[in-house]
>>> print(open('query-v3.csv').read())   # CSV, C-alpha atoms and all ligand atoms
chain,number,residue,atom,x,y,z
K,1248,MET,CA,-1.8,9.5,-5.2
K,1249,THR,CA,0.2,9.4,-2.0
K,1250,HIS,CA,-1.4,7.7,1.1
K,1251,ARG,CA,-0.1,9.4,4.3
K,1252,ILE,CA,0.2,6.9,7.1
K,1253,ALA,CA,0.8,7.8,10.7
K,1254,VAL,CA,2.9,5.0,12.3
K,1255,ILE,CA,2.7,4.5,16.1
K,1256,PRO,CA,4.6,1.4,17.2
K,1257,GLY,CA,3.9,1.9,20.9
K,1258,ASP,CA,5.4,-0.3,23.6
K,1259,GLY,CA,6.9,-3.7,24.1
K,1260,ILE,CA,6.5,-6.0,21.1
K,1261,GLY,CA,4.7,-3.2,19.3
K,1262,ASN,CA,8.3,-2.1,18.5
K,1263,GLU,CA,9.2,-5.5,17.2
K,1264,VAL,CA,6.2,-6.4,15.0
K,1265,MET,CA,5.9,-2.9,13.5
K,1266,PRO,CA,9.2,-3.1,11.5
K,1267,GLU,CA,7.9,-6.3,9.9
K,1268,GLY,CA,4.5,-4.8,9.2
K,1269,LEU,CA,6.3,-1.9,7.4
K,1270,ARG,CA,8.7,-4.3,5.6
K,1271,VAL,CA,5.8,-6.2,4.1
K,1272,LEU,CA,3.9,-3.0,3.2
K,1273,GLU,CA,7.0,-1.6,1.5
K,1274,ALA,CA,7.4,-4.8,-0.5
K,1275,VAL,CA,3.7,-4.9,-1.6
K,1276,ALA,CA,3.7,-1.1,-2.4
K,1277,LYS,CA,6.7,-1.6,-4.7
K,1278,ARG,CA,5.1,-4.6,-6.5
K,1279,PHE,CA,1.8,-2.8,-7.0
K,1280,ASP,CA,3.2,0.7,-7.5
K,1281,ILE,CA,1.4,2.2,-4.5
K,1282,ASP,CA,2.7,5.4,-2.9
K,1283,LEU,CA,2.8,5.1,0.9
K,1284,ALA,CA,4.4,7.9,3.0
K,1285,PHE,CA,5.0,6.9,6.6
K,1286,GLU,CA,5.4,9.4,9.4
K,1287,HIS,CA,6.4,8.0,12.9
K,1288,PHE,CA,5.1,9.1,16.2
K,1289,ASP,CA,6.5,8.1,19.6
K,1290,PHE,CA,3.2,8.1,21.6
K,1291,ALA,CA,4.0,5.3,24.0
K,1292,CYS,CA,4.5,4.7,27.8
K,1293,CYS,CA,8.2,4.0,27.3
K,1294,ASP,CA,8.7,7.0,25.0
K,1295,TYR,CA,6.6,10.1,25.0
K,1296,TYR,CA,5.1,9.4,28.4
K,1297,ALA,CA,8.6,8.9,29.9
K,1298,LYS,CA,9.6,12.3,28.7
K,1299,HIS,CA,6.5,14.3,29.2
K,1300,GLY,CA,4.3,12.6,31.8
K,1301,LYS,CA,1.4,12.1,29.4
K,1302,MET,CA,0.8,9.8,26.5
K,1303,MET,CA,0.4,12.4,23.7
K,1304,PRO,CA,0.8,16.2,23.1
K,1305,ASP,CA,-2.3,18.3,23.6
K,1306,ASP,CA,-2.6,18.9,19.9
K,1307,TRP,CA,-2.5,15.2,18.9
K,1308,PHE,CA,-5.9,15.4,17.2
K,1309,GLU,CA,-4.7,18.2,14.9
K,1310,GLN,CA,-1.5,16.3,14.3
K,1311,LEU,CA,-3.2,13.1,13.2
K,1312,LYS,CA,-6.6,14.0,11.8
K,1313,ASP,CA,-5.5,14.5,8.2
K,1314,PHE,CA,-3.6,11.3,7.8
K,1315,ASP,CA,-5.2,8.7,5.5
K,1316,ALA,CA,-4.8,6.0,8.1
K,1317,ILE,CA,-3.0,5.2,11.4
K,1318,PHE,CA,-0.9,2.0,11.6
K,1319,TYR,CA,-0.6,1.1,15.2
K,1320,GLY,CA,1.4,-1.5,17.2
K,1321,ALA,CA,0.3,-1.9,20.8
K,1322,VAL,CA,0.4,0.4,23.8
K,1323,GLY,CA,0.8,-0.4,27.5
K,1324,TRP,CA,3.6,-0.9,30.0
K,1325,PRO,CA,1.9,-1.5,33.3
K,1326,ASP,CA,5.1,-1.5,35.3
K,1327,THR,CA,5.5,2.2,34.8
K,1328,VAL,CA,2.1,3.5,33.7
K,1329,PRO,CA,-1.3,2.1,34.9
K,1330,ASP,CA,-3.1,0.6,31.9
K,1331,HIS,CA,-6.2,2.7,32.2
K,1332,ILE,CA,-4.0,5.9,32.0
K,1333,SER,CA,-2.0,4.7,29.0
K,1334,LEU,CA,-5.0,3.3,27.1
K,1335,TRP,CA,-7.4,6.1,27.8
K,1336,GLY,CA,-4.5,8.5,27.0
K,1337,SER,CA,-4.1,7.1,23.5
K,1338,LEU,CA,-5.8,4.2,21.8
K,1339,LEU,CA,-9.3,4.7,23.3
K,1340,GLN,CA,-9.0,8.4,22.5
K,1341,PHE,CA,-8.4,7.6,18.8
K,1342,ARG,CA,-11.4,5.2,18.7
K,1343,ARG,CA,-13.6,7.9,20.2
K,1344,GLN,CA,-12.4,11.1,18.8
K,1345,PHE,CA,-11.9,9.7,15.3
K,1346,ASP,CA,-15.3,8.0,15.6
K,1347,GLN,CA,-13.9,4.6,14.7
K,1348,TYR,CA,-17.1,2.9,15.7
K,1349,ILE,CA,-16.5,-0.4,13.9
K,1350,ASN,CA,-13.8,-2.7,15.2
K,1351,LEU,CA,-13.6,-5.5,12.6
K,1352,ARG,CA,-11.7,-8.5,13.8
K,1353,PRO,CA,-11.3,-11.5,11.4
K,1354,CYS,CA,-10.8,-14.9,13.0
K,1355,LYS,CA,-9.5,-17.6,10.7
K,1356,LEU,CA,-7.7,-20.8,11.2
K,1357,LEU,CA,-4.7,-20.5,8.9
K,1358,PRO,CA,-2.9,-23.2,7.0
K,1359,GLY,CA,0.0,-24.9,8.9
K,1360,ILE,CA,-1.3,-23.7,12.4
K,1361,LYS,CA,-2.6,-26.3,14.8
K,1362,SER,CA,-5.8,-25.3,16.5
K,1363,PRO,CA,-5.9,-26.2,20.2
K,1364,LEU,CA,-9.4,-27.5,19.5
K,1365,ALA,CA,-9.4,-31.2,18.5
K,1366,ASP,CA,-9.7,-32.0,14.8
K,1367,ARG,CA,-10.2,-28.4,13.5
K,1368,LYS,CA,-8.7,-27.6,10.1
K,1369,PRO,CA,-8.6,-24.5,7.9
K,1370,GLY,CA,-12.1,-23.7,6.8
K,1371,ASP,CA,-13.7,-24.8,10.1
K,1372,ILE,CA,-13.0,-21.5,11.7
K,1373,ASP,CA,-13.5,-18.5,9.5
K,1374,PHE,CA,-15.6,-15.7,10.9
K,1375,TYR,CA,-15.6,-12.0,11.8
K,1376,VAL,CA,-16.2,-10.4,15.1
K,1377,VAL,CA,-17.8,-6.9,14.6
K,1378,ARG,CA,-17.2,-5.1,17.8
K,1379,GLU,CA,-19.0,-1.8,18.8
K,1380,ASN,CA,-16.0,0.4,19.4
K,1381,THR,CA,-17.0,3.8,20.9
K,1382,GLU,CA,-19.6,3.3,23.6
K,1383,GLY,CA,-21.3,0.5,25.6
K,1384,GLU,CA,-19.4,-0.8,28.7
K,1385,TYR,CA,-16.4,1.4,27.9
K,1386,SER,CA,-18.1,4.6,29.2
K,1387,SER,CA,-16.8,7.5,31.1
K,1388,VAL,CA,-20.1,7.9,33.0
K,1389,GLY,CA,-19.8,7.0,36.7
K,1390,GLY,CA,-17.9,7.9,39.7
K,1391,LYS,CA,-16.8,7.0,43.3
K,1392,MET,CA,-18.5,7.9,46.5
K,1393,PHE,CA,-17.3,7.7,50.1
K,1394,GLU,CA,-13.8,6.9,48.8
K,1395,GLY,CA,-11.5,5.1,51.3
K,1396,THR,CA,-14.4,4.3,53.7
K,1397,GLU,CA,-16.3,1.1,54.4
K,1398,ARG,CA,-19.2,2.8,52.5
K,1399,GLU,CA,-17.2,3.1,49.3
K,1400,VAL,CA,-19.3,2.9,46.1
K,1401,VAL,CA,-18.0,2.7,42.5
K,1402,ILE,CA,-20.3,3.1,39.6
K,1403,GLN,CA,-19.6,2.8,35.8
K,1404,GLU,CA,-22.6,3.0,33.6
K,1405,THR,CA,-23.1,1.2,30.3
K,1406,VAL,CA,-24.1,3.7,27.6
K,1407,MET,CA,-25.9,2.5,24.5
K,1408,THR,CA,-27.4,4.9,22.0
K,1409,ARG,CA,-29.8,4.0,19.2
K,1410,HIS,CA,-27.5,5.8,16.7
K,1411,GLY,CA,-24.4,4.0,18.0
K,1412,THR,CA,-26.1,0.6,18.2
K,1413,ASP,CA,-27.9,0.7,14.8
K,1414,ARG,CA,-24.8,1.8,12.9
K,1415,VAL,CA,-22.7,-1.2,14.1
K,1416,LEU,CA,-25.6,-3.6,13.5
K,1417,LYS,CA,-26.0,-2.2,10.0
K,1418,PHE,CA,-22.3,-2.7,9.3
K,1419,ALA,CA,-22.5,-6.3,10.6
K,1420,PHE,CA,-25.7,-7.1,8.6
K,1421,GLU,CA,-24.1,-5.7,5.4
K,1422,LEU,CA,-21.0,-7.8,6.0
K,1423,ALA,CA,-23.1,-10.9,6.6
K,1424,GLN,CA,-25.1,-10.2,3.5
K,1425,SER,CA,-21.9,-10.0,1.4
K,1426,ARG,CA,-20.7,-13.4,2.6
K,1427,PRO,CA,-21.7,-16.8,1.2
K,1428,ARG,CA,-23.3,-18.1,4.4
K,1429,LYS,CA,-25.2,-14.8,5.2
K,1430,LYS,CA,-25.3,-15.6,8.8
K,1431,LEU,CA,-25.3,-13.2,11.8
K,1432,THR,CA,-24.9,-14.1,15.4
K,1433,SER,CA,-25.6,-11.5,18.1
K,1434,ALA,CA,-23.9,-11.6,21.5
K,1435,THR,CA,-26.3,-10.8,24.2
K,1436,LYS,CA,-26.9,-11.2,27.9
K,1437,SER,CA,-30.6,-10.1,28.1
K,1438,ASN,CA,-31.4,-12.7,30.8
K,1439,GLY,CA,-29.2,-10.9,33.4
K,1440,ILE,CA,-28.5,-7.4,32.1
K,1441,ALA,CA,-32.1,-6.5,32.0
K,1442,ILE,CA,-32.2,-3.0,30.6
K,1443,THR,CA,-29.5,-2.5,28.0
K,1444,MET,CA,-29.3,-6.1,26.5
K,1445,PRO,CA,-33.1,-6.7,25.9
K,1446,TRP,CA,-33.0,-3.4,24.1
K,1447,TRP,CA,-29.9,-4.5,22.1
K,1448,ASP,CA,-31.9,-7.6,21.1
K,1449,GLU,CA,-34.8,-5.4,20.0
K,1450,ARG,CA,-32.5,-3.3,17.8
K,1451,VAL,CA,-31.1,-6.5,16.2
K,1452,VAL,CA,-34.6,-7.7,15.4
K,1453,ALA,CA,-35.5,-4.2,14.0
K,1454,MET,CA,-32.4,-4.1,11.8
K,1455,SER,CA,-32.9,-7.7,10.6
K,1456,GLY,CA,-36.1,-6.5,8.9
K,1457,ASN,CA,-33.9,-4.7,6.3
K,1458,TYR,CA,-31.9,-7.9,5.6
K,1459,PRO,CA,-34.3,-10.7,4.8
K,1460,GLU,CA,-31.6,-12.9,3.3
K,1461,VAL,CA,-29.5,-12.9,6.5
K,1462,SER,CA,-30.3,-15.6,9.0
K,1463,VAL,CA,-29.9,-14.3,12.5
K,1464,ASP,CA,-29.4,-16.1,15.8
K,1465,LYS,CA,-28.3,-14.9,19.3
K,1466,PHE,CA,-26.6,-16.4,22.3
K,1467,HIS,CA,-26.0,-15.2,25.8
K,1468,ILE,CA,-22.4,-14.3,26.1
K,1469,ASP,CA,-21.7,-17.1,28.6
K,1470,ILE,CA,-22.8,-20.0,26.3
K,1471,LEU,CA,-21.5,-18.1,23.3
K,1472,THR,CA,-17.9,-18.3,24.6
K,1473,ALA,CA,-18.5,-22.1,25.1
K,1474,ASN,CA,-19.8,-22.4,21.6
K,1475,PHE,CA,-16.7,-20.6,20.2
K,1476,VAL,CA,-14.7,-23.6,21.6
K,1477,MET,CA,-17.2,-26.4,20.9
K,1478,HIS,CA,-18.7,-25.2,17.6
K,1479,PRO,CA,-16.5,-22.5,16.0
K,1480,ASP,CA,-17.9,-23.7,12.6
K,1481,TRP,CA,-21.3,-22.2,13.5
K,1482,PHE,CA,-20.1,-18.7,13.1
K,1483,ASP,CA,-19.9,-16.3,10.2
K,1484,VAL,CA,-20.4,-12.8,11.5
K,1485,VAL,CA,-20.7,-12.2,15.2
K,1486,VAL,CA,-21.8,-8.7,16.4
K,1487,ALA,CA,-21.2,-7.7,19.9
K,1488,SER,CA,-21.0,-4.7,22.3
K,1489,ASN,CA,-17.7,-3.2,23.1
K,1490,LEU,CA,-16.7,-5.4,26.1
K,1491,PHE,CA,-18.3,-8.6,24.8
K,1492,GLY,CA,-16.5,-8.0,21.4
K,1493,ASP,CA,-13.2,-7.5,23.2
K,1494,ILE,CA,-13.5,-10.8,25.0
K,1495,LEU,CA,-14.7,-12.7,21.9
K,1496,SER,CA,-11.9,-11.3,19.8
K,1497,ASP,CA,-9.2,-12.8,22.0
K,1498,LEU,CA,-11.1,-16.1,22.4
K,1499,GLY,CA,-11.7,-16.5,18.7
K,1500,PRO,CA,-8.1,-16.2,17.7
K,1501,ALA,CA,-7.0,-18.4,20.6
K,1502,CYS,CA,-9.1,-21.1,19.0
K,1503,THR,CA,-7.1,-20.6,15.8
K,1504,GLY,CA,-3.9,-21.4,17.6
K,1505,THR,CA,-2.4,-18.1,18.6
K,1506,ILE,CA,-3.6,-14.5,19.2
K,1507,GLY,CA,-0.4,-13.4,17.5
K,1508,VAL,CA,-1.9,-13.6,14.1
K,1509,ALA,CA,-5.1,-11.7,14.7
K,1510,PRO,CA,-5.6,-8.3,13.0
K,1511,SER,CA,-8.1,-5.5,13.5
K,1512,ALA,CA,-9.5,-2.5,11.7
K,1513,ASN,CA,-10.9,0.3,13.8
K,1514,ILE,CA,-13.0,1.9,11.1
K,1515,ASN,CA,-14.6,5.3,10.6
K,1516,PRO,CA,-16.7,4.2,7.6
K,1517,GLU,CA,-17.6,7.7,6.6
K,1518,GLY,CA,-13.9,8.6,6.1
K,1519,THR,CA,-14.3,11.8,8.1
K,1520,PHE,CA,-11.4,10.8,10.2
K,1521,PRO,CA,-8.5,8.3,9.7
K,1522,SER,CA,-9.2,4.7,10.5
K,1523,LEU,CA,-6.7,2.8,12.7
K,1524,PHE,CA,-5.2,-0.7,12.0
K,1525,GLU,CA,-3.5,-2.7,14.7
K,1526,PRO,CA,-3.0,-6.3,15.8
K,1527,VAL,CA,-5.6,-7.5,18.4
K,1528,HIS,CA,-2.8,-8.4,20.9
K,1529,GLY,CA,-1.1,-6.0,23.3
K,1530,SER,CA,2.5,-5.1,24.1
K,1531,ALA,CA,3.2,-8.6,25.7
K,1532,PRO,CA,5.7,-7.5,28.3
K,1533,ASP,CA,6.4,-11.2,29.1
K,1534,ILE,CA,8.1,-11.8,25.7
K,1535,ALA,CA,9.1,-8.2,24.8
K,1536,GLY,CA,12.8,-7.8,23.9
K,1537,LYS,CA,13.2,-11.5,22.9
K,1538,GLY,CA,12.4,-11.0,19.2
K,1539,ILE,CA,10.0,-13.9,19.1
K,1540,ALA,CA,6.6,-12.2,18.8
K,1541,ASN,CA,4.6,-13.3,15.8
K,1542,PRO,CA,4.4,-10.4,13.4
K,1543,ILE,CA,1.4,-11.7,11.4
K,1544,GLY,CA,-1.2,-9.8,13.4
K,1545,GLN,CA,0.6,-6.6,12.5
K,1546,ILE,CA,1.2,-7.7,8.8
K,1547,TRP,CA,-2.5,-8.7,8.3
K,1548,SER,CA,-3.6,-5.4,9.9
K,1549,GLY,CA,-1.5,-3.7,7.2
K,1550,ALA,CA,-3.4,-5.7,4.6
K,1551,MET,CA,-6.7,-4.5,6.1
K,1552,MET,CA,-5.3,-1.0,5.9
K,1553,LEU,CA,-4.5,-1.3,2.2
K,1554,GLU,CA,-7.9,-2.7,1.4
K,1555,HIS,CA,-9.5,0.2,3.3
K,1556,LEU,CA,-7.3,2.5,1.1
K,1557,GLY,CA,-8.7,0.9,-2.0
K,1558,HIS,CA,-5.9,-1.6,-2.8
K,1559,LYS,CA,-7.7,-4.9,-2.5
K,1560,GLU,CA,-5.4,-6.8,-4.8
K,1561,ALA,CA,-2.3,-5.7,-2.8
K,1562,ALA,CA,-4.1,-6.7,0.4
K,1563,ASP,CA,-5.0,-10.1,-1.0
K,1564,ALA,CA,-1.3,-10.6,-2.0
K,1565,ILE,CA,-0.2,-10.1,1.6
K,1566,VAL,CA,-2.7,-12.6,2.9
K,1567,THR,CA,-1.7,-15.1,0.1
K,1568,ALA,CA,1.9,-14.6,1.1
K,1569,PHE,CA,1.6,-15.3,4.8
K,1570,GLU,CA,-0.7,-18.2,4.2
K,1571,ALA,CA,1.9,-19.7,1.8
K,1572,VAL,CA,4.7,-19.2,4.4
K,1573,LEU,CA,2.6,-20.7,7.1
K,1574,ALA,CA,1.7,-23.7,4.9
K,1575,GLU,CA,5.4,-24.4,4.3
K,1576,ALA,CA,5.8,-24.7,8.0
K,1577,ASP,CA,9.6,-24.2,8.1
K,1578,PRO,CA,10.4,-24.3,11.8
K,1579,ALA,CA,13.5,-22.1,11.2
K,1580,VAL,CA,11.2,-19.4,9.9
K,1581,LEU,CA,8.1,-19.6,12.2
K,1582,THR,CA,7.9,-18.0,15.6
K,1583,PRO,CA,7.5,-20.2,18.8
K,1584,ASP,CA,3.8,-19.5,19.2
K,1585,VAL,CA,3.2,-21.5,16.0
K,1586,ARG,CA,5.7,-24.2,16.9
K,1587,GLY,CA,8.8,-22.7,15.2
K,1588,GLN,CA,12.2,-21.8,16.4
K,1589,GLY,CA,12.5,-18.6,14.2
K,1590,SER,CA,12.1,-15.0,15.1
K,1591,THR,CA,9.8,-12.0,14.5
K,1592,GLU,CA,12.3,-11.0,11.8
K,1593,THR,CA,12.7,-14.4,10.1
K,1594,LEU,CA,8.9,-14.7,9.7
K,1595,GLY,CA,8.5,-11.0,8.6
K,1596,ARG,CA,11.3,-11.3,6.0
K,1597,ALA,CA,9.9,-14.6,4.6
K,1598,ILE,CA,6.5,-13.0,4.1
K,1599,ALA,CA,8.0,-9.8,2.6
K,1600,GLU,CA,10.1,-11.9,0.1
K,1601,ARG,CA,7.0,-13.9,-0.8
K,1602,VAL,CA,5.0,-10.7,-1.4
K,1603,ALA,CA,7.8,-9.3,-3.6
K,1604,SER,CA,7.9,-12.3,-5.9
K,1701,LIG,P1,-1.1,-9.3,25.4
K,1701,LIG,O1,-1.9,-9.4,24.2
K,1701,LIG,O2,0.0,-8.2,25.3
K,1701,LIG,O3,-0.4,-10.7,25.8
K,1701,LIG,C1,-1.2,-11.8,26.1
K,1701,LIG,C2,-0.4,-13.1,25.9
K,1701,LIG,O4,-0.3,-13.3,24.5
K,1701,LIG,C3,1.1,-13.0,26.4
K,1701,LIG,O5,1.5,-14.2,27.0
K,1701,LIG,C4,1.9,-12.7,25.2
K,1701,LIG,O6,3.2,-13.1,25.2
K,1701,LIG,C5,1.1,-13.4,24.1
K,1701,LIG,N1,1.2,-12.7,22.8
K,1701,LIG,C6,0.6,-11.5,22.5
K,1701,LIG,N2,1.0,-11.1,21.3
K,1701,LIG,C7,1.8,-12.1,20.8
K,1701,LIG,C8,2.5,-12.3,19.5
K,1701,LIG,N3,2.4,-11.3,18.5
K,1701,LIG,N4,3.2,-13.4,19.4
K,1701,LIG,C9,3.3,-14.3,20.3
K,1701,LIG,N5,2.7,-14.2,21.5
K,1701,LIG,C10,1.9,-13.1,21.7
K,1701,LIG,O7,-2.1,-9.0,26.6
K,1701,LIG,P2,-1.9,-8.5,28.1
K,1701,LIG,O8,-0.7,-9.3,28.6
K,1701,LIG,O9,-3.2,-8.6,28.7
K,1701,LIG,O10,-1.5,-7.0,28.0
K,1701,LIG,C11,-0.1,-6.5,28.0
K,1701,LIG,C12,-0.2,-5.0,27.8
K,1701,LIG,O11,-0.7,-4.6,26.5
K,1701,LIG,C13,-1.1,-4.3,28.8
K,1701,LIG,O12,-0.5,-3.0,29.1
K,1701,LIG,C14,-2.4,-4.1,28.1
K,1701,LIG,O13,-3.2,-3.1,28.5
K,1701,LIG,C15,-1.9,-3.8,26.7
K,1701,LIG,N6,-2.8,-4.1,25.6
K,1701,LIG,C16,-2.7,-3.2,24.6
K,1701,LIG,C17,-3.5,-3.4,23.4
K,1701,LIG,C18,-3.5,-2.5,22.3
K,1701,LIG,O14,-2.7,-1.6,22.3
K,1701,LIG,N7,-4.3,-2.6,21.3
K,1701,LIG,C19,-4.3,-4.6,23.3
K,1701,LIG,C20,-4.2,-5.5,24.4
K,1701,LIG,C21,-3.5,-5.2,25.5
K,1702,LIG,C1,-8.1,-4.4,22.4
K,1702,LIG,C2,-7.5,-4.1,23.8
K,1702,LIG,C3,-8.1,-2.7,24.3
K,1702,LIG,C4,-9.6,-2.9,24.5
K,1702,LIG,C5,-7.4,-2.3,25.7
K,1702,LIG,C6,-5.9,-2.3,25.5
K,1702,LIG,C7,-8.0,-1.1,26.2
K,1702,LIG,O1,-7.8,-5.1,24.7
K,1702,LIG,O2,-7.9,-3.6,21.5
K,1702,LIG,O3,-8.8,-5.4,22.3
K,1702,LIG,O4,-10.1,-3.3,25.5
K,1702,LIG,O5,-10.3,-2.5,23.5
K,1703,MN,MN,-8.7,-6.9,23.7
>>> encode(input="query-v3.csv", output="structure tokens")
Amino acid sequence: MTHRIAVIPGDGIGNEVMPEGLRVLEAVAKRFDIDLAFEHFDFACCDYYAKHGKMMPDDWFEQLKDFDAIFYGAVGWPDTVPDHISLWGSLLQFRRQFDQYINLRPCKLLPGIKSPLADRKPGDIDFYVVRENTEGEYSSVGGKMFEGTEREVVIQETVMTRHGTDRVLKFAFELAQSRPRKKLTSATKSNGIAITMPWWDERVVAMSGNYPEVSVDKFHIDILTANFVMHPDWFDVVVASNLFGDILSDLGPACTGTIGVAPSANINPEGTFPSLFEPVHGSAPDIAGKGIANPIGQIWSGAMMLEHLGHKEAADAIVTAFEAVLAEADPAVLTPDVRGQGSTETLGRAIAERVAS
């Protein structure tokens, strides 16, 4: 069976890490005899937008909906296109229209990488952020009044539905139940945000009734961020609303030494639509063009994609390969964010070679 994959490298370092992601996928596909067919799309600020004044063609949904998955780099080039235009014109449309309501973001201290937190070693940081991905604070409900005057008012509502909340909680509880520690932490702010968040807490309690083996705790988001830094070993599965999950999924990987290694899976669990796999990081204009971006976030996202497509063994082989390359800690191979002097390509090639062997 052929898996049809839509490839969208995007902007900036998206174009640099994507070739390494593909290199590793091709190597693993050869070893495990998996048939992957890639089709490239130029939906990016510096590409399609520059030519057409919009991020994607009007029929993008039709063009992409029958792919088995979308492999995505990063979009955004704020010097030429405002971020809310580029992201609402692409990535956030995919998440919504393809109902990718789970954003699964592993956070793991990898061998050979030094955590900025004192005395942390692999094993101390190993958890998942499960981020609600289609509603919450990222809503389109709101507006402006009295624009340009002293009386100007801007409103953006948070929208939480029972259907939308329960389905992400269910996913998070199932994940926690499948893990040895069986622990779920809920990110809340029910002390200050006094309508939506107490209700979120109630939904967590209601869902926990179905999972008696899972131990549940909750923290307000302010102290939760502090606890990520002070006690990352406390966490196993952390479930959060869209915005809280966004923040936690940069902070968590930062505690593991670099956000450059962090992957994500934007999942439509029912398989009605393609799921999308992308690194957590963005287009990094500050380092774009230098060839020094860490490709592991992209490569690991490729592993998550293979697992989603039913190839767990091949996915595991990719993780084993990048862990082995990191553990070797050859400075000529590693990228500067993990204290190397190598390049995106040297690291990508080393991982691909390891996968192939
Ligand atoms: P960013 O993630 O692009 O960069 C933040 C910092 O991390 C920068 O210093 C960057 O150099 C570093 N960094 C990121 N990825 C790295 C890697 N692989 N290796 C080494 N260092 C890495 O976040 P930002 O600067 O806030 O955003 C830049 C642009 O990307 C904006 O347009 C933003 O909207 C967009 N963005 C897109 C996505 C996405 O497409 N999923 C995600 C986040 C940000
Ligand atoms: C992410 C990104 C996006 C988000 C941006 C680029 C809209 O930060 O995938 O984490 O906020 O979800
Ligand atoms: Mn983010």
>>> closest_atom_pairs(input="query-v3.csv", of="chain K", to="ligand MN 1703 (chain K)", cutoff="8 Å", atoms="only C-alpha atoms and all ligand atoms", output="tab-separated table")
residue	atom	partner	partner_atom	distance
K:Asp1493	CA	K:MN1703	MN	4.6
K:Ile1494	CA	K:MN1703	MN	6.3
K:Ser1496	CA	K:MN1703	MN	6.7
K:Asp1497	CA	K:MN1703	MN	6.2
K:Val1527	CA	K:MN1703	MN	6.2
K:His1528	CA	K:MN1703	MN	6.7
K:Gly1529	CA	K:MN1703	MN	7.7
>>> residues_near_ligand(input="query-v3.csv", ligand="ligand LIG 1701 (chain K)", cutoff="9 Å", atoms="only C-alpha atoms and all ligand atoms", output="JSON, numbers by chain")
{"K": [1257, 1258, 1259, 1260, 1261, 1264, 1319, 1320, 1321, 1322, 1323, 1324, 1325, 1326, 1328, 1329, 1330, 1331, 1333, 1334, 1337, 1338, 1497, 1505, 1506, 1507, 1508, 1509, 1525, 1526, 1527, 1528, 1529, 1530, 1531, 1532, 1533, 1534, 1535, 1539, 1540, 1541, 1542, 1543, 1544, 1545, 1582, 1583, 1584, 1585, 1591]}
>>> residues_around(input="query-v3.csv", residues="stretch 1397-1404 of chain K", least_positions_apart="6", cutoff="7 Å", atoms="all atoms listed in the file", output="VMD selection string")
chain K and resid 1384 1386 1388 to 1391
>>> closest_residue(input="query-v3.csv", among="K:Pro1479, K:Pro1369, K:Pro1445, K:Gly1336", to="ligand LIG 1702 (chain K)", atoms="all atoms listed in the file")
K:Gly1336
>>> atom_distance(input="query-v3.csv", atom1="atom CA of K:Leu1594", atom2="atom CA of K:Ala1571")
11.7 Å
>>> axis_aligned_box(input="query-v3.csv", around="stretch 1492-1496 of chain K", padding_each_side="3 Å", output="lines of an AutoDock Vina configuration file")
center_x = -14.2
center_y = -10.1
center_z = 22.4
size_x = 10.6
size_y = 11.2
size_z = 11.2
>>> decode(input="query-v3.csv", residues="stretch 1291-1306 of chain K", atoms="C-alpha atoms", output="short mmCIF file (atom, residue, chain, number, x, y, z; two decimals), in the first residue's frame")
data_model
loop_
_atom_site.label_atom_id
_atom_site.label_comp_id
_atom_site.auth_asym_id
_atom_site.auth_seq_id
_atom_site.Cartn_x
_atom_site.Cartn_y
_atom_site.Cartn_z
CA ALA K 1291 4.43 29.67 2.25
CA CYS K 1292 4.88 33.43 2.70
CA CYS K 1293 8.04 33.48 0.60
CA ASP K 1294 6.55 31.31 -2.11
CA TYR K 1295 2.82 31.03 -2.91
CA TYR K 1296 1.95 34.23 -1.05
CA ALA K 1297 4.68 36.20 -2.83
CA LYS K 1298 3.18 35.16 -6.18
CA HIS K 1299 -0.54 35.27 -5.43
CA GLY K 1300 -1.10 37.52 -2.41
CA LYS K 1301 -2.63 34.68 -0.35
CA MET K 1302 -1.21 31.67 1.43
CA MET K 1303 -3.00 28.93 -0.49
CA PRO K 1304 -5.29 28.47 -3.50
CA ASP K 1305 -9.02 28.54 -2.84
CA ASP K 1306 -9.32 24.80 -3.44
#
